[in-house]
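Trainee: Would you mind keeping the following structure in view while I ask a few things?
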Amino acid sequence: LPFADASFDIVTCLGVLEYLPSYQPSLREARRVLKPGGIVIYSLPSRISQAYLCLEVANAIIGGPWRLMKRLFRRGVVSEGSPDFVPAHHRNPCLPWQFRRSLRAVGLGPFDHAYGTFFMFPLDRIDPARNIALADRLQRPLERSWLGWLGSQYIVAAKAL
């Protein structure tokens, strides 16, 4: 980052780390630009969420045949020039306990965490409006409970040590 060491009291990193092959360089850089005692907040997808695990199982079981059917019938195929085209990209969701360990390794002390975005696969694909209503009802009771791991997003705050 083009900033001097210890430049900021707060750093936020939301929706970034999951696209990087490794978290470590970004974690070190956030720590470098934080003032002593500064706070960093991260939000990234959780690899242990119900939605992620069920989607992985579904992709393993029906992903290949589904993509073949789409190609054969040209349904849902978006070409590279289309505004809806999303290029293939790297996804690197976290394991929350490993992510906290990575934070400590670069001198960031996690002090609070929560879970969010309670998508319920396959409801999120079949009836998105109902899924959002359910997710809204689940957010408060589950974000900090032992069932929080069901949430798709892991949110953690850490302090520069």
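So you can find residues: chains in the structure tokens are A, B, ... in the order shown, residues in each start at 1, and ligands are numbered from 1 in order.
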List as a list in words the protein and nucleic acid residues near Pro21 of chain A, meaning an atom at most 9 Å away when only C-alpha atoms are counted, but skip any in the same chain fewer than 2 places from it.
Mentor: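 Returned residues: Leu17, Glu18, Tyr19, Tyr23, His90, Arg91 and Asn92 of chain A.
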Trainee: Name the residues in contact with Phe99 of chain A at a cut-off of 12 Å, using only C-alpha atoms, excluding same-chain residues fewer than 4 positions from it; report them as a CSV table (one decimal) with N, CA, C and O atoms, in the first residue's frame.
Mentor:
chain,number,residue,atom,x,y,z
A,17,LEU,N,-10.2,-10.6,0.6
A,17,LEU,CA,-9.2,-11.7,0.9
A,17,LEU,C,-9.6,-13.0,0.1
A,17,LEU,O,-8.7,-13.8,-0.3
A,18,GLU,N,-10.9,-13.3,0.0
A,18,GLU,CA,-11.3,-14.5,-0.7
A,18,GLU,C,-10.9,-14.7,-2.1
A,18,GLU,O,-10.9,-15.7,-2.7
A,22,SER,N,-3.3,-16.2,-1.2
A,22,SER,CA,-2.8,-16.3,0.2
A,22,SER,C,-3.2,-15.1,1.0
A,22,SER,O,-3.1,-13.9,0.4
A,23,TYR,N,-3.7,-15.2,2.2
A,23,TYR,CA,-4.0,-14.1,3.0
A,23,TYR,C,-2.8,-13.3,3.6
A,23,TYR,O,-2.9,-12.1,3.8
A,24,GLN,N,-1.7,-14.0,3.8
A,24,GLN,CA,-0.6,-13.5,4.6
A,24,GLN,C,-0.1,-12.2,4.1
A,24,GLN,O,0.1,-11.3,4.9
A,27,LEU,N,-2.5,-9.5,5.2
A,27,LEU,CA,-2.5,-9.3,6.6
A,27,LEU,C,-1.3,-8.5,7.1
A,27,LEU,O,-1.4,-7.6,8.0
A,42,TYR,N,-12.1,-7.5,9.3
A,42,TYR,CA,-12.2,-8.4,8.1
A,42,TYR,C,-13.6,-9.0,8.0
A,42,TYR,O,-14.2,-9.4,9.0
A,43,SER,N,-14.0,-9.2,6.8
A,43,SER,CA,-15.2,-10.0,6.5
A,43,SER,C,-14.9,-10.9,5.3
A,43,SER,O,-14.4,-10.3,4.2
A,44,LEU,N,-15.0,-12.2,5.4
A,44,LEU,CA,-14.7,-13.1,4.3
A,44,LEU,C,-15.6,-14.3,4.4
A,44,LEU,O,-16.0,-14.7,5.5
A,45,PRO,N,-15.8,-15.0,3.3
A,45,PRO,CA,-16.6,-16.2,3.3
A,45,PRO,C,-16.0,-17.3,4.2
A,45,PRO,O,-14.8,-17.5,4.3
A,46,SER,N,-16.9,-18.1,4.9
A,46,SER,CA,-16.4,-19.2,5.7
A,46,SER,C,-16.6,-20.5,5.0
A,46,SER,O,-17.6,-20.8,4.4
A,47,ARG,N,-15.5,-21.3,5.0
A,47,ARG,CA,-15.5,-22.6,4.4
A,47,ARG,C,-16.3,-23.6,5.1
A,47,ARG,O,-16.6,-24.7,4.6
A,92,ASN,N,-11.2,-18.3,-2.1
A,92,ASN,CA,-10.4,-18.8,-1.0
A,92,ASN,C,-11.1,-18.5,0.3
A,92,ASN,O,-10.7,-17.6,1.1
A,93,PRO,N,-12.2,-19.2,0.6
A,93,PRO,CA,-12.9,-19.0,1.8
A,93,PRO,C,-12.1,-19.5,3.0
A,93,PRO,O,-11.2,-20.3,2.8
A,94,CYS,N,-12.4,-18.9,4.2
A,94,CYS,CA,-11.5,-19.2,5.3
A,94,CYS,C,-12.1,-20.3,6.2
A,94,CYS,O,-13.3,-20.6,6.2
A,95,LEU,N,-11.2,-20.9,7.0
A,95,LEU,CA,-11.6,-21.6,8.2
A,95,LEU,C,-11.3,-20.7,9.3
A,95,LEU,O,-10.2,-20.2,9.6
A,103,LEU,N,-4.0,-14.2,11.8
A,103,LEU,CA,-3.9,-12.8,12.3
A,103,LEU,C,-2.9,-12.7,13.4
A,103,LEU,O,-2.1,-11.8,13.4
A,104,ARG,N,-2.9,-13.6,14.4
A,104,ARG,CA,-1.9,-13.6,15.5
A,104,ARG,C,-0.5,-13.7,14.9
A,104,ARG,O,0.4,-13.1,15.5
A,105,ALA,N,-0.3,-14.5,13.9
A,105,ALA,CA,1.1,-14.7,13.3
A,105,ALA,C,1.7,-13.4,12.8
A,105,ALA,O,2.9,-13.3,12.7
A,106,VAL,N,0.8,-12.4,12.4
A,106,VAL,CA,1.4,-11.1,11.9
A,106,VAL,C,1.3,-10.0,12.9
A,106,VAL,O,1.5,-8.8,12.5
A,108,LEU,N,-1.5,-9.3,14.9
A,108,LEU,CA,-2.9,-8.8,15.1
A,108,LEU,C,-3.6,-9.7,16.1
A,108,LEU,O,-3.6,-10.9,15.9
A,109,GLY,N,-4.2,-9.1,17.1
A,109,GLY,CA,-4.8,-9.9,18.2
A,109,GLY,C,-6.3,-9.8,18.0
A,109,GLY,O,-7.0,-8.8,18.3
A,110,PRO,N,-6.9,-10.9,17.5
A,110,PRO,CA,-8.4,-11.0,17.4
A,110,PRO,C,-9.1,-10.8,18.7
A,110,PRO,O,-8.7,-11.4,19.7
A,113,HIS,N,-15.6,-11.5,17.1
A,113,HIS,CA,-16.0,-12.1,15.9
A,113,HIS,C,-17.4,-12.4,15.9
A,113,HIS,O,-18.1,-12.5,16.9
A,154,TYR,N,-17.7,-14.7,7.7
A,154,TYR,CA,-17.0,-14.6,9.0
A,154,TYR,C,-16.5,-13.2,9.1
A,154,TYR,O,-15.8,-12.7,8.2
A,155,ILE,N,-16.8,-12.6,10.2
A,155,ILE,CA,-16.4,-11.2,10.5
A,155,ILE,C,-15.6,-11.2,11.8
A,155,ILE,O,-16.0,-11.7,12.8
A,156,VAL,N,-14.4,-10.6,11.7
A,156,VAL,CA,-13.5,-10.6,12.8
A,156,VAL,C,-12.9,-9.2,13.0
A,156,VAL,O,-12.5,-8.6,12.0
A,157,ALA,N,-12.7,-8.8,14.2
A,157,ALA,CA,-12.0,-7.6,14.5
A,157,ALA,C,-10.7,-7.9,15.3
A,157,ALA,O,-10.8,-8.8,16.1
A,158,ALA,N,-9.6,-7.3,15.0
A,158,ALA,CA,-8.4,-7.5,15.6
A,158,ALA,C,-7.7,-6.2,15.9
A,158,ALA,O,-7.9,-5.2,15.2
Trainee: Contacts of Phe3 of chain A at 12 Å or less, counting only C-alpha atoms, minus same-chain residues fewer than 4 places along, as a PDB file with C-alpha atoms, in the first residue's frame?
Mentor:
ATOM      1  CA  SER A   7      -0.671   5.582   9.270  1.00  0.00           C
ATOM      2  CA  PHE A   8      -4.162   4.466  10.305  1.00  0.00           C
ATOM      3  CA  GLU A  29       0.380  -5.039   5.003  1.00  0.00           C
ATOM      4  CA  ALA A  30      -2.700  -4.155   7.075  1.00  0.00           C
ATOM      5  CA  ARG A  31      -0.635  -4.639  10.234  1.00  0.00           C
ATOM      6  CA  ARG A  32       2.156  -2.446   8.825  1.00  0.00           C
ATOM      7  CA  VAL A  33      -0.122   0.545   8.141  1.00  0.00           C
ATOM      8  CA  LEU A  34      -1.970   0.270  11.488  1.00  0.00           C
ATOM      9  CA  LYS A  35      -0.909   2.422  14.408  1.00  0.00           C
TER      10      LYS A  35
END
Trainee: Mind the document's chain letters and residue numbers, and return as a VMD selection string the residues of segment 16-120 of chain A that DSSP labels alpha helix (DSSP H).
Mentor: chain A and resid 24 to 33 50 to 58 64 to 73 96 to 105
